[in-house]
$ cat target25.csv   # CSV, C-alpha atoms and all ligand atoms
chain,number,residue,atom,x,y,z
A,63,MET,CA,198.8,223.9,-31.3
A,64,PRO,CA,197.6,222.0,-28.3
A,65,MET,CA,197.8,224.1,-25.2
A,66,VAL,CA,197.5,221.4,-22.5
A,67,THR,CA,200.4,221.5,-20.1
A,68,ASN,CA,202.1,218.5,-18.6
A,69,GLY,CA,200.8,219.6,-15.2
A,70,ALA,CA,197.3,219.6,-16.6
A,71,ARG,CA,197.7,216.2,-18.2
A,72,ARG,CA,198.9,214.9,-14.8
A,73,THR,CA,195.8,216.4,-13.2
A,74,ILE,CA,193.4,214.7,-15.6
A,75,GLU,CA,195.2,211.4,-15.2
A,76,LEU,CA,195.1,211.7,-11.4
A,77,LYS,CA,191.6,212.9,-11.1
A,78,LEU,CA,189.9,211.0,-13.9
A,79,ASP,CA,191.8,207.7,-14.1
A,80,ARG,CA,190.6,206.9,-10.6
A,81,ARG,CA,187.1,206.8,-11.9
A,82,GLY,CA,187.8,206.2,-15.6
A,83,VAL,CA,186.3,203.2,-17.3
A,84,GLN,CA,188.2,202.0,-20.3
A,85,ASP,CA,187.1,200.2,-23.5
A,86,ARG,CA,183.4,201.1,-23.2
A,87,PRO,CA,181.3,201.7,-26.2
A,88,PRO,CA,181.0,205.4,-27.1
A,89,ALA,CA,177.3,205.7,-26.2
A,90,MET,CA,177.1,207.4,-22.7
A,91,LYS,CA,174.3,206.0,-20.7
A,92,TYR,CA,175.8,205.5,-17.3
A,93,ILE,CA,177.6,207.6,-14.8
A,94,ASP,CA,181.1,206.1,-15.4
A,95,GLU,CA,181.1,207.1,-19.0
A,96,TYR,CA,180.7,210.7,-18.0
A,97,ARG,CA,184.0,210.4,-16.1
A,98,ASP,CA,185.9,208.4,-18.8
A,99,SER,CA,189.5,209.8,-18.8
A,100,LYS,CA,190.0,208.9,-22.6
A,101,LEU,CA,186.9,210.9,-23.6
A,102,ALA,CA,188.0,213.7,-21.3
A,103,ARG,CA,191.4,213.8,-22.8
A,104,ALA,CA,189.9,213.9,-26.3
A,105,ALA,CA,187.7,216.8,-25.4
A,106,VAL,CA,190.6,218.7,-23.8
A,107,ASP,CA,192.7,218.1,-26.9
A,108,GLU,CA,189.9,219.3,-29.2
A,109,LEU,CA,189.4,222.3,-27.0
A,110,ALA,CA,193.1,223.2,-27.3
A,111,ARG,CA,192.9,222.8,-31.1
A,112,VAL,CA,189.9,225.1,-31.6
A,113,THR,CA,190.9,227.8,-29.1
A,114,THR,CA,192.7,230.8,-30.7
A,115,LYS,CA,192.0,233.5,-28.2
A,116,PRO,CA,191.1,234.1,-24.6
A,117,TRP,CA,187.5,233.6,-23.4
A,118,VAL,CA,185.8,234.1,-20.1
A,119,LEU,CA,183.0,231.6,-19.3
A,120,MET,CA,180.7,231.3,-16.4
A,121,GLU,CA,179.1,228.2,-14.9
A,122,ILE,CA,176.0,229.4,-13.1
A,123,CYS,CA,175.4,226.5,-10.8
A,124,GLY,CA,177.3,225.9,-7.7
A,125,GLY,CA,177.1,222.1,-8.2
A,126,GLN,CA,178.9,222.6,-11.5
A,127,THR,CA,181.5,224.8,-9.7
A,128,HIS,CA,182.2,221.8,-7.4
A,129,THR,CA,182.6,219.4,-10.3
A,130,LEU,CA,185.1,221.8,-12.0
A,131,MET,CA,187.1,222.1,-8.8
A,132,ARG,CA,186.9,218.5,-7.8
A,133,TYR,CA,188.2,217.2,-11.1
A,134,GLY,CA,190.6,220.0,-11.8
A,135,ILE,CA,188.8,220.8,-15.1
A,136,ASP,CA,189.6,224.5,-14.9
A,137,GLU,CA,193.3,223.6,-14.8
A,138,LEU,CA,193.0,221.6,-18.0
A,139,LEU,CA,191.7,224.4,-20.1
A,140,PRO,CA,193.8,226.2,-22.8
A,141,ALA,CA,195.7,229.2,-21.6
A,142,GLY,CA,193.3,232.2,-21.6
A,143,VAL,CA,190.1,230.2,-21.3
A,144,GLU,CA,189.0,231.2,-17.8
A,145,MET,CA,186.1,229.9,-15.8
A,146,VAL,CA,184.4,232.3,-13.4
A,147,HIS,CA,181.7,231.2,-11.0
A,148,GLY,CA,178.2,232.4,-10.9
A,149,PRO,CA,175.4,233.0,-8.4
A,150,GLY,CA,173.7,229.6,-8.7
A,151,CYS,CA,174.1,228.4,-5.1
A,152,PRO,CA,170.6,228.6,-3.5
A,153,VAL,CA,171.9,228.8,0.0
A,154,CYS,CA,174.4,231.5,-0.8
A,155,VAL,CA,171.9,233.9,-2.4
A,156,THR,CA,169.2,233.5,0.2
A,157,PRO,CA,169.0,236.9,1.7
A,158,LEU,CA,170.3,237.6,5.2
A,159,GLU,CA,166.8,238.8,6.1
A,160,THR,CA,165.4,235.4,5.4
A,161,VAL,CA,168.0,233.7,7.6
A,162,ASN,CA,167.2,236.1,10.4
A,163,LYS,CA,163.5,235.5,9.9
A,164,ALA,CA,164.0,231.8,10.1
A,165,ILE,CA,166.0,232.2,13.3
A,166,HIS,CA,163.3,234.4,14.8
A,167,ILE,CA,160.6,231.9,13.9
A,168,ALA,CA,162.6,228.9,15.2
A,169,SER,CA,163.2,230.6,18.5
A,170,MET,CA,159.4,230.6,19.3
A,171,LYS,CA,158.3,228.0,21.8
A,172,ASP,CA,155.3,226.6,19.8
A,173,VAL,CA,157.1,226.4,16.5
A,174,THR,CA,158.9,223.6,14.7
A,175,LEU,CA,161.1,225.0,11.9
A,176,VAL,CA,162.0,222.5,9.1
A,177,SER,CA,164.8,223.2,6.7
A,178,TYR,CA,167.2,221.8,4.2
A,179,GLY,CA,170.4,220.9,6.1
A,180,ASP,CA,172.7,223.4,4.4
A,181,MET,CA,170.7,226.3,5.8
A,182,LEU,CA,171.4,225.4,9.4
A,183,ARG,CA,175.0,226.7,9.4
A,184,VAL,CA,174.4,229.8,7.3
A,185,PRO,CA,175.3,232.8,9.5
A,186,GLY,CA,172.5,235.2,10.3
A,187,SER,CA,173.2,238.6,11.7
A,188,ASP,CA,173.8,237.3,15.3
A,189,THR,CA,173.6,233.5,15.2
A,190,ASP,CA,172.7,230.6,13.0
A,191,LEU,CA,169.9,227.9,13.1
A,192,LEU,CA,172.3,225.2,14.3
A,193,ARG,CA,173.1,227.3,17.5
A,194,VAL,CA,169.4,228.0,17.9
A,195,LYS,CA,168.7,224.2,17.7
A,196,ALA,CA,171.5,223.5,20.2
A,197,SER,CA,169.9,226.0,22.6
A,198,GLY,CA,166.8,223.9,22.7
A,199,SER,CA,164.6,225.1,19.8
A,200,ASP,CA,162.8,222.6,17.6
A,201,VAL,CA,164.7,222.9,14.3
A,202,ARG,CA,164.6,219.8,12.1
A,203,ILE,CA,166.4,218.9,8.9
A,204,ALA,CA,164.4,217.5,5.9
A,205,TYR,CA,165.2,216.4,2.4
A,206,THR,CA,161.8,217.4,1.0
A,207,PRO,CA,159.0,219.8,2.1
A,208,MET,CA,156.7,216.8,2.3
A,209,GLU,CA,158.5,215.7,5.4
A,210,ALA,CA,157.4,219.0,7.0
A,211,LEU,CA,153.8,218.3,6.1
A,212,LYS,CA,154.1,214.9,7.9
A,213,ILE,CA,155.5,216.7,11.0
A,214,ALA,CA,152.6,219.1,10.8
A,215,ARG,CA,150.0,216.3,10.6
A,216,ALA,CA,151.6,214.5,13.5
A,217,ASN,CA,151.9,217.6,15.7
A,218,PRO,CA,148.6,219.5,15.4
A,219,ASN,CA,149.5,221.6,18.5
A,220,ARG,CA,152.7,223.0,17.0
A,221,ARG,CA,153.1,225.5,14.2
A,222,VAL,CA,155.3,223.9,11.6
A,223,VAL,CA,157.2,226.2,9.2
A,224,PHE,CA,159.2,225.0,6.2
A,225,LEU,CA,162.1,227.2,5.0
A,226,GLY,CA,161.3,227.1,1.3
A,227,ILE,CA,164.4,228.4,-0.6
A,228,GLY,CA,166.1,227.6,-3.9
A,229,PHE,CA,166.0,228.0,-7.6
A,230,GLU,CA,163.4,226.6,-10.1
A,231,THR,CA,164.6,223.2,-9.1
A,232,THR,CA,163.1,223.1,-5.6
A,233,ALA,CA,160.1,225.2,-6.4
A,234,PRO,CA,157.8,222.5,-7.8
A,235,ALA,CA,158.2,220.3,-4.6
A,236,ASN,CA,157.6,223.4,-2.4
A,237,ALA,CA,154.6,224.3,-4.5
A,238,MET,CA,153.3,220.8,-4.1
A,239,ALA,CA,153.6,221.0,-0.3
A,240,VAL,CA,151.6,224.2,0.0
A,241,TYR,CA,149.1,223.0,-2.5
A,242,GLN,CA,148.6,219.7,-0.6
A,243,ALA,CA,148.4,221.5,2.8
A,244,ARG,CA,145.6,223.7,1.4
A,245,ARG,CA,143.8,220.7,0.0
A,246,GLU,CA,144.0,218.9,3.4
A,247,GLY,CA,143.0,222.1,5.3
A,248,LEU,CA,146.2,221.9,7.4
A,249,LYS,CA,146.0,224.9,9.7
A,250,ASN,CA,149.4,224.5,11.4
A,251,PHE,CA,151.7,224.4,8.3
A,252,SER,CA,153.3,227.4,6.6
A,253,MET,CA,156.3,228.2,4.4
A,254,LEU,CA,158.9,230.9,4.6
A,255,VAL,CA,159.5,231.4,0.9
A,256,SER,CA,162.6,232.8,-0.7
A,257,HIS,CA,162.7,231.4,-4.3
A,258,VAL,CA,164.9,232.8,-7.0
A,259,LEU,CA,165.0,232.5,-10.8
A,260,VAL,CA,168.1,232.1,-12.9
A,261,PRO,CA,167.4,234.1,-16.2
A,262,PRO,CA,166.9,237.5,-14.5
A,263,ALA,CA,170.3,237.0,-12.7
A,264,ILE,CA,172.0,236.3,-16.0
A,265,ARG,CA,170.4,239.4,-17.4
A,266,LEU,CA,171.7,241.5,-14.5
A,267,LEU,CA,175.2,240.1,-14.9
A,268,LEU,CA,175.3,240.8,-18.6
A,269,GLY,CA,174.0,244.3,-18.1
A,270,SER,CA,176.5,245.3,-15.4
A,271,ASN,CA,179.4,247.6,-16.2
A,272,GLY,CA,182.1,245.2,-14.9
A,273,ASN,CA,180.8,242.1,-16.8
A,274,ARG,CA,183.6,240.0,-18.4
A,275,VAL,CA,181.6,236.9,-19.1
A,276,GLN,CA,181.3,235.9,-22.8
A,277,GLY,CA,179.6,232.6,-22.5
A,278,PHE,CA,177.4,230.8,-20.0
A,279,ILE,CA,176.9,227.2,-18.9
A,280,ALA,CA,173.2,227.0,-17.9
A,281,PRO,CA,172.2,224.7,-15.0
A,282,GLY,CA,170.9,221.4,-16.2
A,283,HIS,CA,168.6,220.7,-13.3
A,284,VAL,CA,166.9,224.2,-13.5
A,285,CYS,CA,166.4,223.6,-17.3
A,286,ALA,CA,165.0,220.1,-16.6
A,287,VAL,CA,162.1,221.9,-14.9
A,288,MET,CA,161.9,225.1,-16.9
A,289,GLY,CA,163.3,224.1,-20.3
A,290,TYR,CA,165.7,226.4,-22.1
A,291,TRP,CA,163.5,228.6,-24.3
A,292,GLN,CA,163.8,231.5,-21.8
A,293,TYR,CA,167.6,231.6,-22.5
A,294,GLU,CA,167.1,232.1,-26.2
A,295,GLU,CA,166.0,235.7,-25.6
A,296,LEU,CA,169.1,236.4,-23.5
A,297,ALA,CA,171.4,234.9,-26.1
A,298,ARG,CA,169.8,237.1,-28.8
A,299,ASP,CA,169.7,240.3,-26.7
A,300,TYR,CA,173.3,240.1,-25.5
A,301,HIS,CA,174.8,238.0,-28.4
A,302,VAL,CA,176.1,235.6,-25.8
A,303,PRO,CA,176.3,231.8,-26.3
A,304,ILE,CA,174.6,229.6,-23.7
A,305,VAL,CA,175.0,225.9,-23.3
A,306,VAL,CA,172.8,223.8,-21.0
A,307,ALA,CA,174.9,221.2,-19.2
A,308,GLY,CA,174.8,218.5,-16.7
A,309,PHE,CA,177.0,218.0,-13.7
A,310,GLU,CA,179.6,215.3,-14.6
A,311,PRO,CA,183.1,216.2,-15.7
A,312,LEU,CA,182.4,215.3,-19.3
A,313,ASP,CA,179.2,217.3,-19.3
A,314,LEU,CA,181.2,220.4,-18.4
A,315,LEU,CA,184.2,219.7,-20.7
A,316,ARG,CA,181.7,219.3,-23.6
A,317,ALA,CA,179.8,222.4,-22.6
A,318,ILE,CA,183.0,224.4,-22.5
A,319,LEU,CA,184.0,223.0,-25.9
A,320,MET,CA,180.6,223.9,-27.3
A,321,LEU,CA,180.8,227.5,-26.0
A,322,VAL,CA,184.4,228.0,-27.2
A,323,LYS,CA,183.4,226.7,-30.7
A,324,GLN,CA,180.5,229.1,-30.8
A,325,LEU,CA,182.6,232.1,-29.7
A,326,GLU,CA,185.4,231.2,-32.1
A,327,GLN,CA,182.8,231.1,-34.9
A,328,GLY,CA,181.0,234.3,-33.8
A,329,ARG,CA,177.8,232.5,-33.0
A,330,ALA,CA,175.5,233.1,-30.0
A,331,ASP,CA,173.0,230.2,-29.8
A,332,VAL,CA,171.5,228.2,-27.0
A,333,GLU,CA,172.7,224.6,-27.2
A,334,ASN,CA,171.7,221.6,-25.1
A,335,GLU,CA,174.5,219.4,-23.9
A,336,TYR,CA,172.2,217.8,-21.3
A,337,SER,CA,169.7,216.3,-23.8
A,338,ARG,CA,169.4,213.2,-21.7
A,339,SER,CA,167.4,215.2,-19.1
A,340,VAL,CA,166.4,218.6,-20.7
A,341,THR,CA,164.0,219.6,-23.4
A,342,ARG,CA,163.3,223.0,-24.8
A,343,GLU,CA,159.9,223.2,-23.1
A,344,GLY,CA,160.9,221.6,-19.8
A,345,ASN,CA,158.4,219.9,-17.4
A,346,ARG,CA,155.1,221.5,-18.1
A,347,THR,CA,153.4,219.7,-15.2
A,348,ALA,CA,155.9,221.1,-12.7
A,349,GLN,CA,155.7,224.6,-14.3
A,350,LYS,CA,151.8,224.6,-14.0
A,351,LEU,CA,152.0,223.6,-10.4
A,352,MET,CA,154.5,226.4,-9.7
A,353,GLU,CA,152.4,228.9,-11.5
A,354,ARG,CA,149.3,227.9,-9.6
A,355,VAL,CA,151.0,228.4,-6.2
A,356,PHE,CA,153.7,231.0,-6.8
A,357,GLU,CA,153.8,234.4,-8.5
A,358,VAL,CA,156.9,236.3,-9.8
A,359,CYS,CA,158.2,239.1,-7.6
A,360,ASP,CA,161.3,241.2,-7.1
A,361,ARG,CA,163.7,239.4,-4.9
A,362,LYS,CA,166.8,240.5,-3.0
A,363,TRP,CA,169.8,238.2,-3.5
A,364,ARG,CA,172.3,237.9,-0.7
A,365,GLY,CA,175.2,240.2,-1.4
A,366,VAL,CA,173.9,241.2,-4.8
A,367,GLY,CA,170.8,243.2,-3.9
A,368,SER,CA,167.3,243.3,-5.4
A,369,ILE,CA,166.8,242.0,-8.9
A,370,PRO,CA,163.5,242.8,-10.6
A,371,ALA,CA,161.2,239.9,-11.3
A,372,SER,CA,163.9,237.4,-10.1
A,373,GLY,CA,161.9,235.6,-7.4
A,374,MET,CA,158.7,233.8,-6.5
A,375,ARG,CA,156.4,234.3,-3.6
A,376,LEU,CA,153.1,232.6,-2.6
A,377,ARG,CA,150.0,233.9,-4.4
A,378,PRO,CA,147.5,235.8,-2.3
A,379,GLU,CA,145.1,232.8,-2.3
A,380,TYR,CA,147.8,230.9,-0.4
A,381,ALA,CA,148.3,233.8,2.2
A,382,ASP,CA,147.2,231.4,5.0
A,383,PHE,CA,150.4,229.4,4.4
A,384,ASP,CA,152.7,232.4,4.0
A,385,ALA,CA,155.0,232.5,7.1
A,386,ASP,CA,156.1,236.1,6.2
A,387,LYS,CA,152.5,237.2,6.7
A,388,ILE,CA,151.6,234.9,9.6
A,389,PHE,CA,154.6,236.0,11.7
A,390,GLY,CA,154.5,239.7,10.5
A,391,LEU,CA,158.0,239.6,9.0
A,392,GLU,CA,157.5,241.2,5.6
A,393,GLU,CA,159.3,244.4,6.5
A,394,VAL,CA,162.4,242.9,8.1
A,395,THR,CA,165.7,244.0,6.6
A,396,ALA,CA,169.4,243.3,7.5
A,397,GLU,CA,172.9,244.7,6.7
A,398,GLU,CA,175.5,242.3,5.2
A,399,PRO,CA,178.8,241.8,7.2
A,400,PRO,CA,181.4,244.1,5.6
A,401,GLU,CA,184.3,241.6,5.5
A,402,CYS,CA,182.5,239.0,3.2
A,403,ILE,CA,183.0,239.8,-0.5
A,404,SER,CA,180.5,237.1,-1.6
A,405,ALA,CA,178.7,239.7,-3.7
A,406,MET,CA,181.8,239.9,-5.9
A,407,VAL,CA,182.2,236.1,-5.8
A,408,LEU,CA,178.6,235.5,-6.8
A,409,GLN,CA,178.8,237.8,-9.7
A,410,GLY,CA,182.1,236.3,-11.0
A,411,LEU,CA,184.0,239.5,-10.4
A,412,LYS,CA,186.3,237.9,-7.8
A,413,LYS,CA,187.5,234.4,-7.0
A,414,PRO,CA,187.1,233.0,-3.4
A,415,ILE,CA,190.9,233.1,-3.0
A,416,ASP,CA,190.8,236.8,-3.7
A,417,CYS,CA,188.9,237.2,-0.4
A,418,PRO,CA,191.3,238.3,2.4
A,419,ALA,CA,189.3,236.2,4.9
A,420,PHE,CA,189.4,233.0,2.8
A,421,GLY,CA,190.9,230.1,4.8
A,422,ILE,CA,191.9,232.4,7.7
A,423,ARG,CA,189.0,234.1,9.3
A,424,CYS,CA,186.5,232.3,7.1
A,425,THR,CA,186.5,228.4,7.0
A,426,PRO,CA,183.8,225.8,6.8
A,427,GLU,CA,184.0,225.5,10.6
A,428,LYS,CA,183.7,229.2,11.2
A,429,PRO,CA,182.1,230.7,8.1
A,430,LEU,CA,181.7,234.4,7.6
A,431,GLY,CA,179.5,234.0,4.5
A,432,ALA,CA,177.1,231.5,3.0
A,433,PRO,CA,179.4,230.5,0.1
A,434,MET,CA,181.8,228.9,2.6
A,435,VAL,CA,178.9,226.8,4.1
A,436,SER,CA,176.9,225.5,1.3
A,437,ALA,CA,177.6,222.2,-0.5
A,438,GLU,CA,177.2,224.3,-3.7
A,439,GLY,CA,179.2,227.4,-2.5
A,440,ALA,CA,182.2,228.5,-4.5
A,441,CYS,CA,184.3,229.3,-1.4
A,442,ALA,CA,183.6,225.8,0.0
A,443,ALA,CA,184.6,224.3,-3.3
A,444,TYR,CA,188.0,226.2,-3.4
A,445,TYR,CA,188.5,225.3,0.3
A,446,GLN,CA,187.8,221.6,-0.3
A,447,TYR,CA,189.6,221.0,-3.6
A,448,ARG,CA,192.0,223.8,-4.4
A,449,ARG,CA,195.2,224.0,-2.4
A,450,PRO,CA,197.0,227.3,-2.8
A,451,LEU,CA,200.4,227.4,-4.5
A,452,GLY,CA,203.2,226.3,-2.2
A,453,VAL,CA,201.1,224.3,0.2
A,454,PRO,CA,202.1,220.6,0.3
A,455,GLU,CA,199.7,217.8,-0.6
A,456,GLY,CA,197.8,216.7,2.5
A,457,ASP,CA,197.7,220.2,3.8
A,458,THR,CA,194.5,222.2,3.5
A,459,ALA,CA,193.8,225.8,2.6
A,460,GLY,CA,192.6,226.4,6.1
A,461,GLU,CA,195.9,225.5,7.6
A,462,ARG,CA,198.0,227.9,5.6
A,463,LYS,CA,199.6,230.9,7.1
A,464,ARG,CA,199.7,234.3,5.4
A,501,LIG,S1,185.8,233.3,1.8
A,501,LIG,FE1,184.1,233.7,3.4
A,501,LIG,S2,184.2,235.9,3.8
A,501,LIG,FE2,185.3,235.5,1.8
A,501,LIG,S3,183.7,235.7,0.2
A,501,LIG,FE3,183.8,233.5,0.7
A,501,LIG,S4,182.2,233.3,2.3
A,501,LIG,FE4,182.6,235.5,2.2

$ encode --input "target25.csv" --output "structure tokens"
Amino acid sequence: MPMVTNGARRTIELKLDRRGVQDRPPAMKYIDEYRDSKLARAAVDELARVTTKPWVLMEICGGQTHTLMRYGIDELLPAGVEMVHGPGCPVCVTPLETVNKAIHIASMKDVTLVSYGDMLRVPGSDTDLLRVKASGSDVRIAYTPMEALKIARANPNRRVVFLGIGFETTAPANAMAVYQARREGLKNFSMLVSHVLVPPAIRLLLGSNGNRVQGFIAPGHVCAVMGYWQYEELARDYHVPIVVAGFEPLDLLRAILMLVKQLEQGRADVENEYSRSVTREGNRTAQKLMERVFEVCDRKWRGVGSIPASGMRLRPEYADFDADKIFGLEEVTAEEPPECISAMVLQGLKKPIDCPAFGIRCTPEKPLGAPMVSAEGACAAYYQYRRPLGVPEGDTAGERKR
């Protein structure tokens, strides 16, 4: 029996008809087809037909969390099929130590710190990079690390440091910047590296006592670089289905359908919903470049703690470009603020609205934790798209009173 409620139908009509393109051929080549309300309704109806019991699924990537929230997809799911949100927001998992180090480096007179924009508002222990910039330090926003190289070439008297964070998606470009700097013999460029890897985080979640997740949506952009062969071992070891998916509403609905079908049939395979961008082997050229410049290391994830072999750092032959070594910051540690429960949110153990500070003491204007800042943060997604019960349309979560 279909389990889609009237409220859910209204949501899909409201949220998808705005973008829905009708009477198109079934082949999906362009962006509109991935937001087609007819196809979305068909997927929701099929999901309701095949679901016979409750399932808990996790989307790893924060970009996918935002799509779920923005289009109300989690509200369309059959009763009992629950989405929990994973640790795949690069800004959110960057350790507090790294933020503090970046702030320390940026405060030096002869340094230009270059960073992705999202990192500027992430709270460090005492301040953030935006405040440091406002107080006169040279902090610049870039879309790629190659922009930092340009700044270094143009300013030979300044030390230029790029804050190189992120998952496997940003690692190839960061590796290329360091590789290129070495080839050119640039002496005033370095990188503060805090890269993280997805598969070890999934393994940690699956091995934890409180784990409720029975199926995973793997991040399509990470798999475009790395392929999905690494996920086959996880699916086998933990008997958990994994579906690689893109970032559009239909990508996610189809991935959820594929996961539920596997679970209902007792299967635990790796399937690829995002075949228009992802192959099993991934981008070997990008992987080789990463392997040349980076090596795998243990990495601390903000809120979560240290995960073995879950990060990448510069290889010893690139030590001259390693800001941690150049500025003597390798031993810096920091304590997380006690009020922020992002560790629970990032592991799917709590939802952002379970946090007592959500929308009251923690808002995008005054964030207590990184998940409220980042464009991929789960707390920011709930704040932006999910009004709490009883709050009229047009109101925002931040204006509610408790
Ligand atoms: S709402 Fe704010 S304080 Fe609560 S978990 Fe999210 S970022 Fe942390």

$ atom_distance --input "target25.csv" --atom1 "CA of Thr206 (chain A)" --atom2 "CA of Ala263 (chain A)"
25.4 Å

$ residues_around --input "target25.csv" --residues "region 359-367 of chain A" --least-positions-apart "2" --cutoff "6 Å" --atoms "all atoms listed in the file" --output "JSON, numbers by chain"
{"A": [155, 156, 157, 369, 370, 371, 372, 373, 374, 405]}

$ write_last_selection --input "target25.csv" --atoms "C-alpha atoms" --output "short mmCIF file (atom, residue, chain, number, x, y, z; two decimals), in the frame of the given file"
data_model
loop_
_atom_site.label_atom_id
_atom_site.label_comp_id
_atom_site.auth_asym_id
_atom_site.auth_seq_id
_atom_site.Cartn_x
_atom_site.Cartn_y
_atom_site.Cartn_z
CA VAL A 155 171.90 233.90 -2.40
CA THR A 156 169.20 233.50 0.20
CA PRO A 157 169.00 236.90 1.70
CA ILE A 369 166.80 242.00 -8.90
CA PRO A 370 163.50 242.80 -10.60
CA ALA A 371 161.20 239.90 -11.30
CA SER A 372 163.90 237.40 -10.10
CA GLY A 373 161.90 235.60 -7.40
CA MET A 374 158.70 233.80 -6.50
CA ALA A 405 178.70 239.70 -3.70
#

$ axis_aligned_box --input "target25.csv" --around "region 94-98 of chain A" --padding-each-side "8 Å" --output "AutoDock Vina command-line options"
--center_x 183.3 --center_y 208.4 --center_z -17.2 --size_x 21.2 --size_y 20.6 --size_z 19.6

$ residues_near_ligand --input "target25.csv" --ligand "ligand LIG 501 (chain A)" --cutoff "8 Å" --atoms "only C-alpha atoms and all ligand atoms" --output "list of chain:residue names"
A:Glu401, A:Cys402, A:Ile403, A:Ser404, A:Ala405, A:Met406, A:Val407, A:Pro414, A:Ile415, A:Asp416, A:Cys417, A:Pro418, A:Ala419, A:Phe420, A:Gly421, A:Arg423, A:Cys424, A:Thr425, A:Pro429, A:Leu430, A:Gly431, A:Ala432, A:Pro433, A:Met434, A:Val435, A:Ala440, A:Cys441, A:Ala442

$ closest_residue --input "target25.csv" --among "A:Tyr380, A:Leu259, A:Lys171, A:Ala330" --to "Arg245 (chain A)" --atoms "all atoms listed in the file"
A:Tyr380

$ closest_residue --input "target25.csv" --among "A:Ser368, A:Gln126, A:Asn217, A:Thr341" --to "Asn250 (chain A)" --atoms "all atoms listed in the file"
A:Asn217

$ closest_residue --input "target25.csv" --among "A:Met120, A:Ala164, A:Val201, A:Met253" --to "His147 (chain A)" --atoms "only C-alpha atoms"
A:Met120

$ closest_atom_pairs --input "target25.csv" --of "region 108-175 of chain A" --to "region 273-279 of chain A" --cutoff "7 Å" --atoms "only C-alpha atoms" --output "Markdown table"
| residue | atom | partner | partner_atom | distance |
| --- | --- | --- | --- | --- |
| A:Trp117 | CA | A:Gln276 | CA | 6.6 |
| A:Val118 | CA | A:Val275 | CA | 5.1 |
| A:Leu119 | CA | A:Gly277 | CA | 4.8 |
| A:Met120 | CA | A:Phe278 | CA | 4.9 |
| A:Glu121 | CA | A:Ile279 | CA | 4.7 |
| A:Ile122 | CA | A:Ile279 | CA | 6.3 |

$ atom_distance --input "target25.csv" --atom1 "CA of Asn345 (chain A)" --atom2 "CA of Phe229 (chain A)"
14.8 Å

$ closest_residue --input "target25.csv" --among "A:Thr129, A:Ser199, A:Asn271, A:Ser339" --to "Cys285 (chain A)" --atoms "only C-alpha atoms"
A:Ser339

$ atom_distance --input "target25.csv" --atom1 "CA of Arg111 (chain A)" --atom2 "CA of Val143 (chain A)"
12.6 Å

$ closest_residue --input "target25.csv" --among "A:Gly390, A:Gly179, A:Gly282, A:Pro262" --to "Thr231 (chain A)" --atoms "all atoms listed in the file"
A:Gly282

$ closest_residue --input "target25.csv" --among "A:Met181, A:Gly272, A:Gly148, A:Asp188" --to "His166 (chain A)" --atoms "only C-alpha atoms"
A:Asp188
